[in-house]
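Asker: For reference, this is work35.txt, and it has compact mmCIF, C-alpha atoms (C1' of nucleotides).
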# COMPACT_ATOMS: atom_id res chain seq x y z
CA MET A 1 -16.31 110.31 -34.08
CA PRO A 2 -19.57 108.49 -33.27
CA GLU A 3 -22.20 110.27 -31.23
CA GLN A 4 -21.87 109.00 -27.70
CA THR A 5 -25.14 110.57 -26.67
CA ASP A 6 -27.23 107.94 -28.48
CA GLN A 7 -25.44 105.02 -26.82
CA PRO A 8 -27.68 102.93 -24.57
CA LEU A 9 -26.58 102.62 -20.97
CA GLY A 10 -25.54 99.07 -20.15
CA ARG A 11 -26.48 97.13 -17.08
CA ALA A 12 -23.16 97.98 -15.44
CA PHE A 13 -24.32 101.59 -15.20
CA PHE A 14 -27.08 100.53 -12.81
CA ASP A 15 -24.96 98.00 -10.92
CA ARG A 16 -23.60 100.61 -8.50
CA HIS A 17 -24.67 102.18 -5.23
CA VAL A 18 -27.96 103.99 -5.67
CA ALA A 19 -26.54 107.28 -4.33
CA GLU A 20 -24.01 107.13 -7.15
CA VAL A 21 -26.43 106.15 -9.90
CA ALA A 22 -29.15 108.67 -9.05
CA PRO A 23 -27.25 111.92 -9.77
CA ASP A 24 -25.62 110.24 -12.75
CA LEU A 25 -29.07 109.71 -14.28
CA LEU A 26 -29.66 113.46 -14.61
CA GLY A 27 -29.54 114.50 -18.24
CA ARG A 28 -29.89 110.91 -19.45
CA VAL A 29 -32.59 110.13 -21.96
CA LEU A 30 -35.35 107.62 -21.29
CA VAL A 31 -36.93 106.23 -24.46
CA CYS A 32 -40.35 104.61 -24.17
CA THR A 33 -41.67 102.90 -27.29
CA LEU A 34 -45.27 101.70 -27.32
CA PRO A 35 -47.64 100.77 -30.15
CA GLU A 36 -48.99 104.34 -30.19
CA GLY A 37 -45.56 105.84 -30.62
CA THR A 38 -42.37 106.85 -28.87
CA VAL A 39 -41.78 109.45 -26.20
CA THR A 40 -38.25 110.42 -25.19
CA LEU A 41 -37.56 112.16 -21.93
CA ARG A 42 -34.50 113.95 -20.55
CA LEU A 43 -34.38 113.25 -16.82
CA THR A 44 -34.18 116.38 -14.67
CA GLU A 45 -35.17 115.21 -11.16
CA VAL A 46 -34.70 111.89 -9.35
CA GLU A 47 -34.71 110.41 -5.85
CA ALA A 48 -32.61 107.58 -4.45
CA TYR A 49 -34.14 104.88 -2.25
CA ASN A 50 -31.59 102.73 -0.49
CA GLY A 51 -33.21 99.38 0.09
CA ARG A 52 -33.42 97.94 3.56
CA ASP A 53 -31.32 100.62 5.24
CA ASP A 54 -33.77 103.31 4.21
CA PRO A 55 -36.97 103.99 6.21
CA GLY A 56 -38.35 105.78 3.15
CA SER A 57 -37.90 102.82 0.87
CA HIS A 58 -40.60 100.36 -0.08
CA ALA A 59 -38.03 97.64 0.66
CA TYR A 60 -37.38 98.82 4.22
CA ARG A 61 -39.53 96.12 5.79
CA GLY A 62 -38.29 93.35 3.57
CA ARG A 63 -39.50 91.58 0.50
CA THR A 64 -43.20 91.59 -0.36
CA PRO A 65 -45.13 90.78 -3.52
CA ARG A 66 -45.25 94.47 -4.38
CA ASN A 67 -41.55 95.31 -4.05
CA GLU A 68 -40.26 92.03 -5.45
CA VAL A 69 -38.76 93.71 -8.54
CA MET A 70 -36.57 95.92 -6.31
CA PHE A 71 -34.81 92.79 -5.09
CA GLY A 72 -34.11 91.64 -8.62
CA PRO A 73 -31.25 92.49 -10.99
CA PRO A 74 -30.34 96.13 -11.78
CA GLY A 75 -31.58 97.96 -14.84
CA HIS A 76 -35.17 96.81 -14.46
CA VAL A 77 -38.25 98.98 -13.98
CA TYR A 78 -40.19 99.01 -10.70
CA VAL A 79 -43.68 100.50 -11.08
CA TYR A 80 -46.05 100.97 -8.18
CA PHE A 81 -49.55 102.30 -7.79
CA THR A 82 -50.29 105.01 -5.23
CA TYR A 83 -53.05 107.28 -3.94
CA GLY A 84 -55.58 105.07 -5.64
CA MET A 85 -54.94 106.56 -9.04
CA HIS A 86 -51.29 107.22 -9.82
CA PHE A 87 -48.30 105.23 -11.00
CA CYS A 88 -44.67 105.96 -10.23
CA MET A 89 -41.61 104.51 -11.89
CA ASN A 90 -38.18 103.52 -10.57
CA LEU A 91 -35.00 102.09 -12.05
CA VAL A 92 -33.53 99.29 -9.92
CA THR A 93 -29.87 99.71 -8.96
CA GLY A 94 -27.20 97.65 -7.28
CA ARG A 95 -26.63 93.95 -7.23
CA GLU A 96 -29.46 91.48 -7.15
CA GLY A 97 -30.81 91.23 -3.63
CA HIS A 98 -29.91 94.80 -2.65
CA SER A 99 -33.35 96.27 -3.30
CA SER A 100 -32.38 99.85 -4.13
CA ALA A 101 -33.97 102.00 -6.81
CA VAL A 102 -34.13 105.51 -8.27
CA LEU A 103 -37.53 107.19 -8.49
CA LEU A 104 -37.92 109.19 -11.70
CA ARG A 105 -39.56 112.42 -10.54
CA ALA A 106 -39.46 114.72 -13.56
CA GLY A 107 -38.16 115.16 -17.07
CA GLU A 108 -38.24 117.25 -20.20
CA VAL A 109 -40.06 115.70 -23.17
CA LEU A 110 -37.65 115.85 -26.11
CA ASP A 111 -39.61 113.87 -28.69
CA GLY A 112 -43.19 112.66 -28.97
CA VAL A 113 -44.58 115.85 -27.49
CA ASP A 114 -47.89 115.42 -29.35
CA LEU A 115 -48.40 111.94 -27.93
CA ALA A 116 -47.45 113.11 -24.45
CA ARG A 117 -49.95 115.95 -24.69
CA GLN A 118 -52.72 113.51 -25.59
CA ARG A 119 -51.97 111.63 -22.39
CA ARG A 120 -51.59 114.80 -20.31
CA THR A 121 -54.48 116.95 -21.42
CA THR A 122 -54.33 119.17 -18.35
CA ALA A 123 -50.76 120.27 -19.04
CA ARG A 124 -50.64 123.91 -20.12
CA LYS A 125 -46.96 124.25 -20.91
CA ASP A 126 -44.67 121.61 -22.32
CA HIS A 127 -42.50 121.70 -19.22
CA GLU A 128 -45.52 120.49 -17.21
CA LEU A 129 -45.91 117.29 -19.24
CA ALA A 130 -43.60 115.28 -16.99
CA GLN A 131 -43.30 117.63 -13.99
CA GLY A 132 -43.83 115.17 -11.16
CA PRO A 133 -43.46 111.40 -10.81
CA ALA A 134 -47.04 110.46 -11.67
CA ARG A 135 -47.16 112.98 -14.51
CA LEU A 136 -43.97 111.46 -15.87
CA THR A 137 -45.46 107.97 -16.09
CA MET A 138 -48.61 109.40 -17.66
CA ALA A 139 -46.62 111.30 -20.29
CA ILE A 140 -44.71 108.23 -21.42
CA GLY A 141 -47.65 105.81 -21.05
CA VAL A 142 -46.41 103.67 -18.18
CA ASP A 143 -48.68 101.74 -15.83
CA ARG A 144 -48.63 98.56 -13.75
CA ALA A 145 -48.17 96.38 -16.83
CA PHE A 146 -44.58 97.62 -17.14
CA ASN A 147 -43.49 96.51 -13.69
CA GLY A 148 -40.37 94.38 -14.03
CA ALA A 149 -39.55 95.42 -17.60
CA ASP A 150 -35.88 95.42 -18.57
CA ALA A 151 -34.45 98.85 -19.43
CA CYS A 152 -31.17 97.31 -20.59
CA GLY A 153 -32.52 94.84 -23.10
CA ASP A 154 -33.52 95.21 -26.73
CA GLY A 155 -34.99 98.65 -26.08
CA ILE A 156 -38.63 97.56 -26.11
CA PRO A 157 -40.39 99.19 -24.45
CA PHE A 158 -37.57 100.93 -22.54
CA ARG A 159 -34.10 102.14 -23.29
CA VAL A 160 -31.89 104.63 -21.48
CA LEU A 161 -29.45 106.62 -23.61
CA ALA A 162 -26.29 108.34 -22.42
CA GLY A 163 -27.67 111.74 -23.39
CA THR A 164 -25.86 114.86 -22.24
CA PRO A 165 -25.19 115.01 -18.50
CA PRO A 166 -25.48 118.53 -17.11
CA ASP A 167 -22.65 120.68 -15.84
CA PRO A 168 -21.92 119.15 -12.42
CA ALA A 169 -22.15 122.63 -10.95
CA LEU A 170 -25.86 122.66 -11.84
CA ILE A 171 -26.69 119.51 -9.89
CA ARG A 172 -28.53 120.24 -6.66
CA THR A 173 -29.36 117.91 -3.79
CA GLY A 174 -31.95 118.11 -1.05
CA PRO A 175 -34.26 116.13 1.19
CA ARG A 176 -36.70 113.81 -0.50
CA THR A 177 -40.30 114.75 -1.07
CA GLY A 178 -43.00 113.19 1.07
CA VAL A 179 -40.57 111.22 3.22
CA SER A 180 -40.64 111.93 6.92
CA GLY A 181 -38.86 110.52 9.94
CA ALA A 182 -35.31 109.18 9.87
CA GLY A 183 -35.31 108.89 6.10
CA ALA A 184 -35.92 112.60 5.68
CA THR A 185 -32.49 113.59 6.96
CA THR A 186 -30.57 112.25 4.00
CA SER A 187 -30.31 114.44 0.92
CA TRP A 188 -31.16 111.89 -1.69
CA ARG A 189 -33.14 114.06 -4.05
CA PHE A 190 -31.22 115.28 -7.07
CA TRP A 191 -32.23 117.80 -9.70
CA ILE A 192 -30.85 120.09 -12.39
CA ASP A 193 -30.88 123.64 -11.09
CA GLY A 194 -33.05 126.03 -13.05
CA ASP A 195 -34.67 123.44 -15.28
CA PRO A 196 -38.33 124.37 -15.77
CA SER A 197 -39.51 120.74 -15.65
CA VAL A 198 -38.31 120.24 -12.07
CA SER A 199 -41.33 119.95 -9.80
CA PRO A 200 -41.65 122.82 -7.32
CA TYR A 201 -40.29 122.09 -3.87
CA ARG A 202 -42.96 121.41 -1.31
CA ALA A 203 -41.96 121.58 2.31
CA HIS A 204 -42.83 118.54 4.36
CA VAL A 205 -46.55 118.64 5.02
CA PRO A 206 -47.25 117.74 8.66
CA LYS A 207 -50.14 115.32 8.50
CA ARG A 208 -52.59 116.35 11.17
CA LYS A 209 -53.18 113.51 13.52
CA PRO A 210 -56.74 113.01 14.74
CA SER A 211 -56.20 113.76 18.41
CA GLY A 212 -59.06 112.28 20.39
CA ALA A 213 -60.26 109.63 18.00
CA SER A 214 -63.89 109.80 19.05
CA GLY A 215 -66.73 110.14 16.63
CA ASN A 216 -64.68 110.26 13.53
CA ALA A 217 -66.72 110.84 10.39
CA ALA A 218 -68.16 107.98 8.44
CA THR A 219 -65.61 105.86 6.64
CA HIS A 220 -68.20 104.76 4.12
CA ALA A 221 -68.36 107.67 1.76
CA GLY A 222 -72.00 107.49 0.95
CA SER A 223 -72.27 110.46 -1.36
C1' DA B 1 -48.38 132.28 -5.64
C1' DA B 2 -49.83 129.69 -1.79
C1' DC B 3 -53.06 126.84 0.57
C1' DC B 4 -56.76 123.34 1.02
C1' DG B 5 -59.43 119.28 0.31
C1' DG B 6 -61.26 115.63 -2.73
C1' DA B 7 -60.44 111.72 -5.53
C1' DT B 8 -59.63 106.62 -5.08
C1' DC B 9 -57.62 101.80 -3.95
C1' DG B 10 -53.58 98.65 -3.29
C1' DT B 11 -50.73 97.29 0.35
C1' DC B 12 -49.48 96.16 4.78
C1' DT B 13 -50.65 96.01 10.04
C1' DG C 1 -58.71 99.81 8.78
C1' DA C 2 -55.26 103.42 7.94
C1' DC C 3 -52.36 105.67 4.87
C1' DG C 4 -49.57 106.76 1.05
C1' DA C 5 -42.42 108.19 -3.00
C1' DT C 6 -49.67 112.42 -5.91
C1' DC C 7 -52.39 115.44 -8.86
C1' DC C 8 -55.96 118.75 -9.73
C1' DG C 9 -59.29 122.36 -9.20
C1' DG C 10 -61.05 125.83 -6.43
C1' DT C 11 -60.33 129.62 -3.23
C1' DT C 12 -57.74 133.21 -1.00
C1' DG C 13 -54.19 136.88 -0.80
Could you spell out this file's structure in C-alpha cells?
Answerer:
Amino acid sequence: MPEQTDQPLGRAFFDRHVAEVAPDLLGRVLVCTLPEGTVTLRLTEVEAYNGRDDPGSHAYRGRTPRNEVMFGPPGHVYVYFTYGMHFCMNLVTGREGHSSAVLLRAGEVLDGVDLARQRRTTARKDHELAQGPARLTMAIGVDRAFNGADACGDGIPFRVLAGTPPDPALIRTGPRTGVSGAGATTSWRFWIDGDPSVSPYRAHVPKRKPSGASGNAATHAGS
DNA sequence: AACCGGATCGTCT
DNA sequence: GACGATCCGGTTG
C-alpha cells in the first residue's frame, strides 16, 4: 500500500477549529524548499491562537495591516517580526474571516541538517536547531518575505506532509508561553512529551513595572 | 541549571 | 512612546 506519510495535507485539514488543528499538527512534517536547498521539520511543539476571542492573539483587536493574513483563507503562512530581530511563523486555520492560527514553536530537523546548521551557527546539538519559534524560522530560512505564502499549493516553498502523528498518550498541553492575563488561563500549548527539541518551559516572567515613573533613564541609547 | 540583561525595531496607542 | 507569541551570552550557585 502507498506510504501515507508522504501525502501532503490538504486545505481541509486547516479548515477546522484551531484547538483541533493545533494538536493534530504534532508529528506532521513541514517541508521548506528554497534556492539553497530543502529543510524538512517534524513539528514537536505548537500553540493555538483563537482569533478575536483570544486576548493573546494578534487578531484580538481586529484586522490591521500586520495580521491581515490571519483573516484570510486557511492553510496560509502568517509570519511576523518581533523583538526587533526575530521572525515567528504560524499556519492559518479556520474559515476565511476567522483569524485563527497555530504558532510553530519547535521541531526536529529530519533532512537538510547541514543547511539548517549554516543558518543556526550557535546551535550545539541538532535538537537545538529548531528549539523555539524564532530558531525554527531561522533553521528553515523563513522571514517576512514568506508572509501569506500558501502551504497547500504546489509545495513551493511550503508543503505539510502527513508524517507520523505521535501516540496520543504522549501529547501534553499547558498554558501558552509569554501570554499573560485572560489568555493565559487556556491550555493551548501542545507538545510531544519527552521530545528533546521541545523548548524548555519558562514560567510566566512578571514584567517589573516602573513604579514611580520619575527620572527614567534616557530613552536615546547613546552608547 | 537557573537567572539576568542587552540587542533592536515594527506595530499599535 | 511603550512593549513584545525571543534569543544569546555572561554570571552565579
Asker: Kindly assemble as JSON lines a list of the chain B residues that lie within 10 Å of chain A, each paired with its nearest atom pair and their distance in Å to one decimal, using only C-alpha atoms (C1' of nucleotides), sorted first by chain and then by ascending residue number.
Answerer:
{"residue": "B:DA7", "atom": "C1'", "partner": "A:Gly84", "partner_atom": "CA", "distance": 8.2}
{"residue": "B:DT8", "atom": "C1'", "partner": "A:Gly84", "partner_atom": "CA", "distance": 4.4}
{"residue": "B:DC9", "atom": "C1'", "partner": "A:Gly84", "partner_atom": "CA", "distance": 4.2}
{"residue": "B:DG10", "atom": "C1'", "partner": "A:Phe81", "partner_atom": "CA", "distance": 7.1}
{"residue": "B:DT11", "atom": "C1'", "partner": "A:Arg66", "partner_atom": "CA", "distance": 7.8}
{"residue": "B:DC12", "atom": "C1'", "partner": "A:Thr64", "partner_atom": "CA", "distance": 9.3}
Asker: Using only C-alpha atoms (C1' of nucleotides), which protein or nucleic acid residues come within 12 Å of DG5 of chain B? Drop anything in the same chain fewer than 4 positions from it, and give the result as an mmCIF file with C-alpha atoms (C1' of nucleotides), in the frame of the given file.
Answerer:
data_model
loop_
_atom_site.group_PDB
_atom_site.id
_atom_site.type_symbol
_atom_site.label_atom_id
_atom_site.label_comp_id
_atom_site.auth_asym_id
_atom_site.auth_seq_id
_atom_site.Cartn_x
_atom_site.Cartn_y
_atom_site.Cartn_z
ATOM 1 C "C1'" DC C 8 -55.960 118.750 -9.730
ATOM 2 C "C1'" DG C 9 -59.290 122.360 -9.200
ATOM 3 C "C1'" DG C 10 -61.050 125.830 -6.430
ATOM 4 C "C1'" DT C 11 -60.330 129.620 -3.230
#
Asker: Starting from chain A, keep only residues with some atom at most 10 Å from an atom of chain C, counting all atoms listed in the file, and report them as a PyMOL selection string.
Answerer: chain A and resi 47-49+56-58+80-90+103-105+122+132-135+176-179+219
Asker: Atom CA of Leu129 of chain A and atom CA of Val46 of chain A are how many Å apart?
Answerer: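 Separation of atom CA of Leu129 of chain A and atom CA of Val46 of chain A: 15.9 Å.
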Asker: Grab the atom CA of Phe13 of chain A to atom CA of Pro74 of chain A distance for me, in Å with one decimal place.
Answerer: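 Straight-line distance from atom CA of Phe13 of chain A to atom CA of Pro74 of chain A works out to 8.8 Å.
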Asker: Go ahead and compute the interatomic distance for atom CA of Ala130 of chain A and atom CA of Gly107 of chain A, in Å to one decimal.
Answerer: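 About the pair atom CA of Ala130 of chain A and atom CA of Gly107 of chain A: they are 5.4 Å apart.
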